[in-house]
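**Q** One structure, as structure tokens, below. Some questions next.
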Amino acid sequence: MDNTQIIEVPVAGMDCAECTNHVRQALEKIPGVHSVDVMLSSEKAIIRAEPGRVEMGQIRSAVVSAGYTVPEDSIGSHAPGESFSRKVFTVFALITGALLFVIVIGEWLGLFQTLTSIVPRTLGSVIVIAAGWPLFVEVFKSAFKRQVTSRTLMTLGVAASLLIGEWPTAWVLVFMMYIGNYVESFTADQSRKAIKDLTVMMPQTARVELDGKEEMIPVTGVTPGVTVIVRPGEKIPVDGSVLTGTALVNQAALTGESMPVEIGPGNDVYAATLLQSGSVRLQATHTGRDTAFGRIVHLVEEAEAKKGTIQKFADKFSGYYLPVVSGIALLTLIFSRDVNAAVAVLAVACSCSIALATPIAMMASIGAAAKRGLMIKGGIVLETLSTVDTLLIDKTGTLTLGKPELTNIICLNGSSENEILTIAASAERYSEHPLASAIREVASQRELQLTAPEKFQNQSGIGLTALVEGHEIRLGSRLVLNGTEKPTAAAELESAGRTVLYVFRDNILIGLLGLADTLRGDVPEAIKQLKEMGIQQIEILTGDNNATAAQVAAQLGVGYRAELLPEDKISIVKEYQERGRRVVMVGDGINDAPALAQANVGIALASSGSDIAIEAADIAILRTDWMLVPEAFAIAHRTMRVVRSNLLFAGFYNVIGISLAALGFLPPALAATLQIIPDLGILGNSSRLLKQKRVPK
């Protein structure tokens, strides 16, 4: 039993990857805390701790000690430190800094005479300290906590410049520190955009029925069981079941499908979907974060916490990078005796680019994918998906529509079609299996009178046993034969691609039911795209008979294994993994959940699948669109290419910049200016992932 308490805490004031590390380190020091994930995109920390041992006061104190705040009202509140005086400092520094920057660079290029010499050194130093005071205070606070940041290097550069009398250079460094703050904040806002775009789609109020009267209340005040009224043009505020009324609902926000769905009494509706016409009264079943849409938002929020190997490397590298740069600056001063060169080394170095290279790209892809109906549960999923070479696929409901039709009824031992159908439909009365639905549908068309089973036991992958009107009924695949000889008619049905169910009454085989399922229309093209992407092995895993599986596999040009139990699918996944293959499993049902969890990456078709399968999977496809499977692979490959190019660019820039600065070829003022380039480059490169092209159909 898991005895862990999960605490979610909003954290305000974070604007870079270093910030998340500082918050995480502070929270991990609290006694009783097991682990901490801090997410820049959703501005929150998820703490796993011993139940009852960690109090909110401790959490708040730890966050404040790291230099950030826990807002009382909502995520995204401004930190108290963003005071009026600080804004005045910022505006003053930016305006005068920009002017001085032009002058300093102009003088360095020889465009005009030295103008900065007009201002006395002492006055210039005072102005620099005043303009950069809020930033320096942050650095001093971090230093007392033994934290080194990119601003630490810049502050050292400012101090060194002032010591040698180069106050204009020091002012340019302060100016670039403010510009750097702005770029970091802008970059953080871009990573938060996916969350913001999703949350604004959820309505904030709901029209409820209380004591026979209608009343508008905040959606946070709606509880399960409350009657909610929705009118044309309004978004549905909760998940619920329709009580009265009919309407057309656009579910694009949830599934990506633009075609409206007709709903009526008894139908389920979902939060954030749009009522295009008609009006309904519905009973709320899930609200807030418990709704299907709320769970999607939660998945996107948590995705950042699941870091891949590359991102973990970048986070760890940032911790060592800054001390190393400080050491290089010191060695430059010792060997060259050139203070300007040492200052330039500190000015040009920028660890933020390394730290931002991975998370910004990951969040851009995860956010863009979410808008298309692809829920990707973290950067580690994208990283793993980009390396897979084996694809295993469930058949019924995944490759096929999951709505089979009853095509054949074979009578044995003196039974009649209606007799077999009545017994089978009665035994399957409470089953949710697609085959059971097909049997009940034909029984309903023939207006047969069904009897509720007195006992019902289902064995996944085998069949069911039920007690109907005093008779023991067994119904299922060949595994229910239990020693009974397989009829010739069964083999004929299987050779025709039918799924065969055997119907027993009191241990006597009285009939066969032949059912056929239809392949989803976009599956062949999707499989073709996956092959072109280099997936070496594609195999269908099904509990269906060999002939039916062979027919589907032949249509797609892939391998297959038939007549499998759920545990067989897990064994096959493990078999491939033991051979060094990296496996993706695609499924939709409860019986697929174990294999989805075992695979390196599990993909669940949420539009037709169970909640258990969706929870077990790493990627959930919310639309009825099989082309989203190769789309997921394409997104993973594109994302990793961008991440690698980000890291390569940041590393190359820093090596060249530090080398030029150490050798004296890069003046401090120019070095300070250039340190902003990597952040802008990485932001621009990663932003390409927000508008990725779809895999063509």
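Ligands are numbered from 1 in the order shown, residues from 1 within each chain, and chains are lettered A, B, ... in the order they appear in the structure tokens.
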Can you pull out every residue within 12 Å of Glu28 in chain A, counting only C-alpha atoms, but drop anything in the same chain fewer than 5 positions away, and send it as a PyMOL selection string?
**A** chain A and resi 21-23+33-38+45-49+54+58-59+62-63+66
**Q** Taking only C-alpha atoms into account, produce a table as CSV in which each residue of range 341-380 of chain A with an atom at most 10 Å from an atom of range 638-642 of chain A appears once, together with its shortest atom pair and the distance in Å to one decimal, ordered by chain and rising number.
**A**
```
residue,atom,partner,partner_atom,distance
A:Ala357,CA,A:Val642,CA,8.6
A:Thr358,CA,A:Val642,CA,8.6
A:Ala361,CA,A:Thr639,CA,6.4
A:Met362,CA,A:Thr639,CA,6.7
A:Met363,CA,A:Thr639,CA,9.7
A:Ala364,CA,A:Thr639,CA,8.8
A:Ser365,CA,A:Thr639,CA,6.7
A:Ile366,CA,A:Thr639,CA,9.6
A:Gly379,CA,A:Thr639,CA,9.4
```
**Q** For CA of Thr122 in chain A and CA of Ala661 in chain A, quote the distance in Å rounded to one decimal.
**A** 26.8 Å
**Q** Between A:Ala593, A:Gln555, A:Gly511, A:Gly684, which one has atoms that come closest to Lys486 in chain A, using only C-alpha atoms?
**A** A:Gly511
**Q** Identify which of the residues A:Gly378, A:Pro71, A:Gly497, A:Pro487 lies closest to Ala550 in chain A, counting only C-alpha atoms when measuring atom-to-atom distances.
**A**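 Checking each candidate against Ala550 in chain A, we get A:Gly497 as the closest.
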**Q** Just how far from CA of Thr499 in chain A is CA of Ile439 in chain A, in Å to one decimal?
**A**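 So the two atoms, CA of Ile439 in chain A and CA of Thr499 in chain A, lie 12.6 Å apart.
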**Q** Compare A:Val174, A:Ile179, A:Leu374, A:Ala329 by their minimum atom-to-atom distance to Ser659 in chain A, counting only C-alpha atoms, and give me the closest one.
**A**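 Result for the nearest residue to Ser659 in chain A: A:Ala329.
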**Q** Please provide as an mmCIF file with N, CA and C atoms, in the first residue's frame all residues within 10 Å of Glu166 in chain A, with the sequence filter that same-chain residues fewer than 3 positions apart are discarded (counting only C-alpha atoms).
**A**
```cif
data_model
loop_
_atom_site.group_PDB
_atom_site.id
_atom_site.type_symbol
_atom_site.label_atom_id
_atom_site.label_comp_id
_atom_site.auth_asym_id
_atom_site.auth_seq_id
_atom_site.Cartn_x
_atom_site.Cartn_y
_atom_site.Cartn_z
ATOM 1 N N THR A 116 31.738 59.017 -22.265
ATOM 2 C CA THR A 116 31.556 58.520 -20.905
ATOM 3 C C THR A 116 32.552 59.117 -19.925
ATOM 4 N N ARG A 121 34.076 59.009 -12.217
ATOM 5 C CA ARG A 121 34.067 57.570 -11.918
ATOM 6 C C ARG A 121 33.187 57.249 -10.713
ATOM 7 N N GLY A 124 29.520 57.611 -11.600
ATOM 8 C CA GLY A 124 29.126 56.505 -12.465
ATOM 9 C C GLY A 124 28.935 55.217 -11.683
ATOM 10 N N SER A 125 29.829 54.972 -10.709
ATOM 11 C CA SER A 125 29.726 53.757 -9.897
ATOM 12 C C SER A 125 28.453 53.765 -9.050
ATOM 13 N N VAL A 158 30.267 42.919 -12.974
ATOM 14 C CA VAL A 158 29.991 44.318 -12.620
ATOM 15 C C VAL A 158 30.988 44.798 -11.573
ATOM 16 N N ALA A 159 31.186 43.968 -10.536
ATOM 17 C CA ALA A 159 32.120 44.347 -9.463
ATOM 18 C C ALA A 159 33.532 44.535 -10.009
ATOM 19 N N ALA A 160 33.955 43.593 -10.870
ATOM 20 C CA ALA A 160 35.302 43.692 -11.440
ATOM 21 C C ALA A 160 35.441 44.943 -12.303
ATOM 22 N N SER A 161 34.416 45.267 -13.065
ATOM 23 C CA SER A 161 34.451 46.463 -13.922
ATOM 24 C C SER A 161 34.564 47.733 -13.089
ATOM 25 N N LEU A 162 33.811 47.776 -11.981
ATOM 26 C CA LEU A 162 33.866 48.960 -11.122
ATOM 27 C C LEU A 162 35.235 49.099 -10.469
ATOM 28 N N LEU A 163 35.857 47.971 -10.097
ATOM 29 C CA LEU A 163 37.171 48.001 -9.453
ATOM 30 C C LEU A 163 38.243 48.570 -10.374
ATOM 31 N N THR A 169 31.102 49.962 -18.675
ATOM 32 C CA THR A 169 30.967 48.531 -18.949
ATOM 33 C C THR A 169 30.082 47.869 -17.896
ATOM 34 N N ALA A 170 30.288 48.271 -16.623
ATOM 35 C CA ALA A 170 29.466 47.730 -15.543
ATOM 36 C C ALA A 170 27.990 48.045 -15.774
ATOM 37 N N TRP A 171 27.714 49.234 -16.264
ATOM 38 C CA TRP A 171 26.317 49.627 -16.504
ATOM 39 C C TRP A 171 25.719 48.805 -17.652
ATOM 40 N N ASN A 340 40.187 43.040 -17.987
ATOM 41 C CA ASN A 340 39.100 43.148 -18.968
ATOM 42 C C ASN A 340 38.744 41.778 -19.555
ATOM 43 N N PRO A 668 34.540 43.538 -22.666
ATOM 44 C CA PRO A 668 33.468 43.235 -21.716
ATOM 45 C C PRO A 668 32.087 43.718 -22.161
ATOM 46 N N ALA A 669 32.007 44.916 -22.715
ATOM 47 C CA ALA A 669 30.705 45.452 -23.120
ATOM 48 C C ALA A 669 30.076 44.601 -24.220
#
```
**Q** Could you pull the residues within 9 Å of Asn418 in chain A, counting only C-alpha atoms, minus those fewer than 4 positions along the same chain, as a PyMOL selection string?
**A** chain A and resi 422-423+443+446+448
**Q** Smallest atom-to-atom distance to Leu248 in chain A: which of A:Asp290, A:Glu214, A:Glu8, A:Glu234, using only C-alpha atoms?
**A**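 Answer, going by the shortest atom-to-atom distance: A:Glu234.
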**Q** Report the residues of range 311-452 of chain A whose backbone DSSP state falls under strand (DSSP E or B), written as a PyMOL selection string.
**A** chain A and resi 374-376+390-394+400+405-411
**Q** Give me, as a PyMOL selection string, the residues of range 435-613 of chain A that a backbone DSSP run labels alpha helix (DSSP H).
**A** chain A and resi 435-445+488-495+523-532+546-556+566-578+593-598+611-613
